[in-house]
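> Got a file for you: protein_16.csv, CSV, C-alpha atoms.
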chain,number,residue,atom,x,y,z
A,1,MET,CA,17.0,55.8,-83.9
A,2,ALA,CA,17.9,58.7,-86.2
A,3,ARG,CA,21.6,57.9,-85.7
A,4,HIS,CA,21.0,54.3,-86.8
A,5,VAL,CA,19.2,55.5,-89.9
A,6,ARG,CA,21.9,58.0,-90.7
A,7,ALA,CA,24.6,55.3,-90.3
A,8,PHE,CA,22.6,53.0,-92.6
A,9,ALA,CA,22.1,55.7,-95.2
A,10,VAL,CA,25.8,56.9,-95.1
A,11,THR,CA,27.0,53.3,-95.6
A,12,VAL,CA,24.7,52.8,-98.6
A,13,LEU,CA,25.7,56.1,-100.2
A,14,ILE,CA,29.4,55.4,-99.7
A,15,LEU,CA,29.1,52.0,-101.3
A,16,ALA,CA,27.0,53.5,-104.2
A,17,ALA,CA,29.8,56.1,-104.8
A,18,LEU,CA,32.4,53.4,-104.8
A,19,ALA,CA,30.3,51.3,-107.3
A,20,VAL,CA,30.6,54.0,-109.9
A,21,LEU,CA,34.4,53.9,-109.7
A,22,ALA,CA,34.3,50.1,-109.6
A,23,GLY,CA,32.2,50.0,-112.8
A,24,LEU,CA,34.6,52.3,-114.6
A,25,LEU,CA,37.6,50.2,-113.4
A,26,TRP,CA,35.8,47.0,-114.6
A,27,SER,CA,35.1,48.5,-117.9
A,28,HIS,CA,38.7,49.6,-118.3
A,29,LEU,CA,40.3,46.2,-117.3
A,30,SER,CA,37.9,43.7,-118.9
A,31,PRO,CA,38.5,42.4,-122.5
A,32,ARG,CA,35.7,42.5,-125.0
A,33,ALA,CA,34.6,39.4,-126.9
A,34,PRO,CA,34.8,39.7,-130.7
A,35,TYR,CA,31.5,39.6,-132.6
A,36,GLN,CA,30.8,39.3,-136.3
A,37,VAL,CA,28.1,41.4,-137.8
A,38,THR,CA,25.9,39.1,-139.9
A,39,ALA,CA,22.5,39.5,-141.5
A,40,GLN,CA,20.9,37.8,-138.4
A,41,GLY,CA,22.7,40.2,-136.1
A,42,PRO,CA,26.0,40.0,-134.1
A,43,VAL,CA,27.4,36.4,-133.6
A,44,LEU,CA,30.3,35.5,-131.5
A,45,ALA,CA,33.3,35.5,-133.9
A,46,ASP,CA,35.6,33.3,-131.8
A,47,PRO,CA,33.7,30.6,-129.8
A,48,THR,CA,36.9,29.7,-128.0
A,49,THR,CA,37.4,33.2,-126.6
A,50,GLN,CA,38.2,33.6,-122.9
A,51,ALA,CA,37.0,37.2,-122.9
A,52,LEU,CA,33.6,36.4,-121.5
A,53,ILE,CA,35.1,34.4,-118.5
A,54,ALA,CA,37.7,37.1,-118.0
A,55,ALA,CA,35.0,39.8,-117.7
A,56,ASP,CA,33.3,37.7,-115.0
A,57,GLY,CA,36.7,37.2,-113.2
A,58,TRP,CA,37.5,40.9,-113.2
A,59,TYR,CA,34.1,41.7,-111.9
A,60,ALA,CA,34.5,39.2,-109.0
A,61,VAL,CA,38.0,40.4,-108.2
A,62,ILE,CA,37.0,44.1,-108.2
A,63,THR,CA,33.7,43.8,-106.3
A,64,GLY,CA,35.1,41.1,-103.9
A,65,GLY,CA,38.1,43.3,-103.1
A,66,LEU,CA,35.9,46.3,-102.5
A,67,GLY,CA,33.6,44.2,-100.3
A,68,LEU,CA,36.6,43.1,-98.2
A,69,ALA,CA,37.8,46.6,-97.8
A,70,CYS,CA,34.3,48.0,-97.1
A,71,GLY,CA,33.7,45.2,-94.5
A,72,ALA,CA,36.9,46.0,-92.7
A,73,LEU,CA,36.4,49.7,-92.8
A,74,ALA,CA,32.8,49.5,-91.7
A,75,TRP,CA,33.8,47.3,-88.7
A,76,PHE,CA,36.5,49.7,-87.6
A,77,LEU,CA,34.5,52.9,-88.1
A,78,GLY,CA,31.0,51.7,-87.3
A,79,ARG,CA,31.4,50.1,-83.9
A,80,ARG,CA,28.7,52.3,-82.3
A,81,HIS,CA,26.0,51.4,-84.8
A,82,GLN,CA,26.9,47.8,-85.7
A,83,LEU,CA,23.5,46.6,-86.8
A,84,ALA,CA,22.7,49.7,-89.0
A,85,VAL,CA,26.2,49.5,-90.6
A,86,LEU,CA,25.8,45.7,-91.2
A,87,LEU,CA,22.5,46.2,-92.8
A,88,GLY,CA,23.9,49.0,-94.9
A,89,LEU,CA,26.7,46.7,-96.0
A,90,GLY,CA,24.2,44.1,-97.2
A,91,VAL,CA,21.8,46.4,-98.9
A,92,GLY,CA,24.4,48.9,-100.1
A,93,GLY,CA,26.6,46.0,-101.3
A,94,LEU,CA,23.8,44.6,-103.4
A,95,LEU,CA,23.0,48.0,-104.8
A,96,ALA,CA,26.7,48.6,-105.5
A,97,ALA,CA,27.0,45.3,-107.3
A,98,PHE,CA,24.1,46.2,-109.7
A,99,LEU,CA,25.4,49.7,-110.1
A,100,THR,CA,28.9,48.4,-110.9
A,101,LEU,CA,27.3,46.1,-113.5
A,102,TRP,CA,25.3,49.0,-115.0
A,103,VAL,CA,28.2,51.5,-115.1
A,104,GLY,CA,30.7,48.9,-116.5
A,105,SER,CA,28.4,47.7,-119.2
A,106,THR,CA,27.1,51.2,-120.2
A,107,PHE,CA,30.4,53.1,-120.4
A,108,THR,CA,33.3,51.8,-122.4
A,109,PHE,CA,36.7,52.9,-121.2
A,110,GLY,CA,40.2,51.6,-121.8
A,111,VAL,CA,41.5,49.8,-124.9
A,112,VAL,CA,38.9,47.7,-126.6
A,113,ALA,CA,41.0,45.0,-128.2
A,114,VAL,CA,39.3,42.5,-130.5
A,115,GLU,CA,41.4,39.6,-131.6
A,116,ALA,CA,39.8,37.4,-134.1
A,117,ALA,CA,40.7,35.9,-137.4
A,118,ALA,CA,38.0,37.3,-139.5
A,119,GLU,CA,37.5,36.5,-143.1
A,120,PRO,CA,38.0,39.3,-145.6
A,121,GLY,CA,34.9,41.4,-145.9
A,122,VAL,CA,33.5,40.3,-142.5
A,123,LYS,CA,33.1,43.1,-140.0
A,124,VAL,CA,34.2,42.2,-136.5
A,125,VAL,CA,33.2,44.5,-133.6
A,126,PRO,CA,33.8,44.3,-129.8
A,127,GLY,CA,30.9,43.1,-127.8
A,128,SER,CA,29.4,44.8,-124.9
A,129,LEU,CA,30.5,44.0,-121.4
A,130,ALA,CA,28.2,41.7,-119.5
A,131,LEU,CA,28.2,39.0,-116.9
A,132,THR,CA,27.8,35.4,-118.0
A,133,ALA,CA,28.2,33.9,-114.5
A,134,THR,CA,25.4,35.9,-112.7
A,135,GLY,CA,26.4,34.4,-109.4
A,136,VAL,CA,29.3,36.8,-109.0
A,137,ILE,CA,26.8,39.6,-108.5
A,138,VAL,CA,26.7,38.8,-104.8
A,139,SER,CA,30.4,38.9,-104.3
A,140,TRP,CA,30.4,42.5,-102.9
A,141,PRO,CA,27.7,42.1,-100.3
A,142,LEU,CA,28.7,38.6,-99.4
A,143,VAL,CA,32.3,39.3,-98.8
A,144,ALA,CA,31.6,42.6,-97.0
A,145,VAL,CA,29.0,41.1,-94.6
A,146,GLY,CA,31.1,38.0,-94.1
A,147,PHE,CA,34.3,39.8,-93.3
A,148,PHE,CA,32.4,42.2,-90.9
A,149,GLY,CA,31.0,39.1,-89.1
A,150,LEU,CA,34.4,37.5,-89.0
A,151,LEU,CA,36.0,40.6,-87.4
A,152,GLU,CA,33.1,40.9,-84.9
A,153,GLY,CA,33.4,37.2,-84.0
A,154,MET,CA,37.1,37.5,-83.4
A,155,HIS,CA,36.6,40.6,-81.3
A,156,GLY,CA,33.8,39.0,-79.3
A,157,TYR,CA,35.8,35.9,-78.6
A,158,ARG,CA,38.8,38.0,-77.4
A,159,GLU,CA,36.6,40.1,-75.1
A,160,SER,CA,34.5,37.2,-73.8
A,161,PRO,CA,34.6,36.3,-70.1
A,162,LEU,CA,33.9,32.7,-71.2
A,163,ARG,CA,37.3,32.5,-72.7
A,164,LYS,CA,38.8,32.3,-69.2
A,165,PRO,CA,36.0,30.8,-67.2
A,166,TYR,CA,38.0,30.4,-63.9
A,167,GLY,CA,39.9,33.7,-64.1
A,168,ILE,CA,43.1,31.8,-64.8
A,169,GLY,CA,45.7,33.5,-67.1
Spit out the file's structure as structure tokens when you get a sec.

Amino acid sequence: MARHVRAFAVTVLILAALAVLAGLLWSHLSPRAPYQVTAQGPVLADPTTQALIAADGWYAVITGGLGLACGALAWFLGRRHQLAVLLGLGVGGLLAAFLTLWVGSTFTFGVVAVEAAAEPGVKVVPGSLALTATGVIVSWPLVAVGFFGLLEGMHGYRESPLRKPYGIG
């Protein structure tokens, strides 16, 4: 029992550590939307900007890619404690997704480029990094658990005695 708890905890901690790096990478790669500073507060300077969608896309690519890598690595290394590692992938992946969001939106790294045709005298500032499509938050745990299950299913089929029911071949 203690080994299963340790496998679960190690999986969650590794994913949390990767999430910090993923958040910094997301902050570095994602463009910032331009905002005008008005008397009412910041207003989107360019309503046709693709920066908001690009930030969601980069988040999905980074967390989905890490989910794929974590699912494969967990399957290869965690064969002895599959259930604990699988639960760790799900819980740790969800924690990592939120930690990536927090780190990426809190710390600003990389070049913050704001491209907007502002009127003279209007102050344009880069917006903070946020997700507009909140559904991408589940990309890390969903891809990790799904790929782990796919690998386990393929391995189970290959090792199954039902694959050759009459011993032929």
> Mind dumping a table of every range 78-115 of chain A residue within 9 Å of range 145-150 of chain A, with the nearest atom pair and its distance in Å to one decimal, using all atoms listed in the file, sorted by chain and rising number, as JSON lines?

{"residue": "A:Leu86", "atom": "CA", "partner": "A:Val145", "partner_atom": "CA", "distance": 6.6}
{"residue": "A:Leu87", "atom": "CA", "partner": "A:Val145", "partner_atom": "CA", "distance": 8.5}
{"residue": "A:Leu89", "atom": "CA", "partner": "A:Val145", "partner_atom": "CA", "distance": 6.2}
{"residue": "A:Gly90", "atom": "CA", "partner": "A:Val145", "partner_atom": "CA", "distance": 6.2}
{"residue": "A:Gly93", "atom": "CA", "partner": "A:Val145", "partner_atom": "CA", "distance": 8.6}
> For a quick check of understanding, using all atoms listed in the file, which of A:Ser128, A:Thr63, A:Thr11, A:Thr48 has the smallest distance to Pro31 in chain A?
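When distances to Pro31 in chain A are compared using all atoms listed in the file, the smallest one comes from A:Ser128.
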> Find, counting all atoms listed in the file, the residue in A:Trp75, A:Trp102, A:Tyr59, A:Phe8 that gets nearest to Gly135 in chain A.
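Looking at the shortest contact to Gly135 in chain A, the residue is A:Tyr59.
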> Residues at most 12 Å from Leu94 in chain A, counting all atoms listed in the file, excluding those fewer than 4 positions away in the same chain, as a PyMOL selection string?
chain A and resi 12+15-16+19+63-64+67+87-90+98-101+136-145
> Which residues, written as a VMD selection string, have at least one atom at most 8 Å from Tyr35 in chain A, with only C-alpha atoms counted and residues fewer than 3 positions away on the same chain left out?
chain A and resid 42 to 46 124 to 127
> Name all residues at most 12 Å from Phe107 in chain A (count all atoms listed in the file; drop same-chain ones fewer than 3 positions away) and give them as a PyMOL selection string.
chain A and resi 20-28+99-104+110+112+128-130
> Go ahead and save the picked residues with C-alpha atoms, as an mmCIF file, in the frame of the given file.

data_model
loop_
_atom_site.group_PDB
_atom_site.id
_atom_site.type_symbol
_atom_site.label_atom_id
_atom_site.label_comp_id
_atom_site.auth_asym_id
_atom_site.auth_seq_id
_atom_site.Cartn_x
_atom_site.Cartn_y
_atom_site.Cartn_z
ATOM 1 C CA VAL A 20 30.600 54.000 -109.900
ATOM 2 C CA LEU A 21 34.400 53.900 -109.700
ATOM 3 C CA ALA A 22 34.300 50.100 -109.600
ATOM 4 C CA GLY A 23 32.200 50.000 -112.800
ATOM 5 C CA LEU A 24 34.600 52.300 -114.600
ATOM 6 C CA LEU A 25 37.600 50.200 -113.400
ATOM 7 C CA TRP A 26 35.800 47.000 -114.600
ATOM 8 C CA SER A 27 35.100 48.500 -117.900
ATOM 9 C CA HIS A 28 38.700 49.600 -118.300
ATOM 10 C CA LEU A 99 25.400 49.700 -110.100
ATOM 11 C CA THR A 100 28.900 48.400 -110.900
ATOM 12 C CA LEU A 101 27.300 46.100 -113.500
ATOM 13 C CA TRP A 102 25.300 49.000 -115.000
ATOM 14 C CA VAL A 103 28.200 51.500 -115.100
ATOM 15 C CA GLY A 104 30.700 48.900 -116.500
ATOM 16 C CA GLY A 110 40.200 51.600 -121.800
ATOM 17 C CA VAL A 112 38.900 47.700 -126.600
ATOM 18 C CA SER A 128 29.400 44.800 -124.900
ATOM 19 C CA LEU A 129 30.500 44.000 -121.400
ATOM 20 C CA ALA A 130 28.200 41.700 -119.500
#
> Could you check which of A:Glu159, A:Val122, A:Thr132, A:Thr106 is closest to Ala33 in chain A, using all atoms listed in the file?
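Selected residue with least distance to Ala33 in chain A: A:Thr132.
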> Let me know the centre plus edge lengths, in Å and rounded to one decimal, of a box with edges along x, y and z that contains all listed atoms of range 74-88 of chain A and is padded by 8 Å on every side, as JSON.

{"center_x": 29.5, "center_y": 49.3, "center_z": -88.6, "size_x": 30.0, "size_y": 23.2, "size_z": 28.6}
> Restricting the calculation to all atoms listed in the file, which member of A:Ala17, A:Arg32, A:Gln50, A:His81 is positioned closest to Phe109 in chain A?
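Looking only at the distances to Phe109 in chain A, the closest residue turns out to be A:Arg32.
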> Could you check the closest approach to Gly78 in chain A for each of A:Leu151, A:Ala7, A:Leu95, A:Leu13 and tell me which residue wins, using all atoms listed in the file?
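Checking each candidate against Gly78 in chain A, we get A:Ala7 as the closest.
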> What's the separation between CA of Val37 in chain A and CA of Lys123 in chain A, in Å to one decimal place?
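Result for CA of Val37 in chain A versus CA of Lys123 in chain A: 5.7 Å, one decimal.
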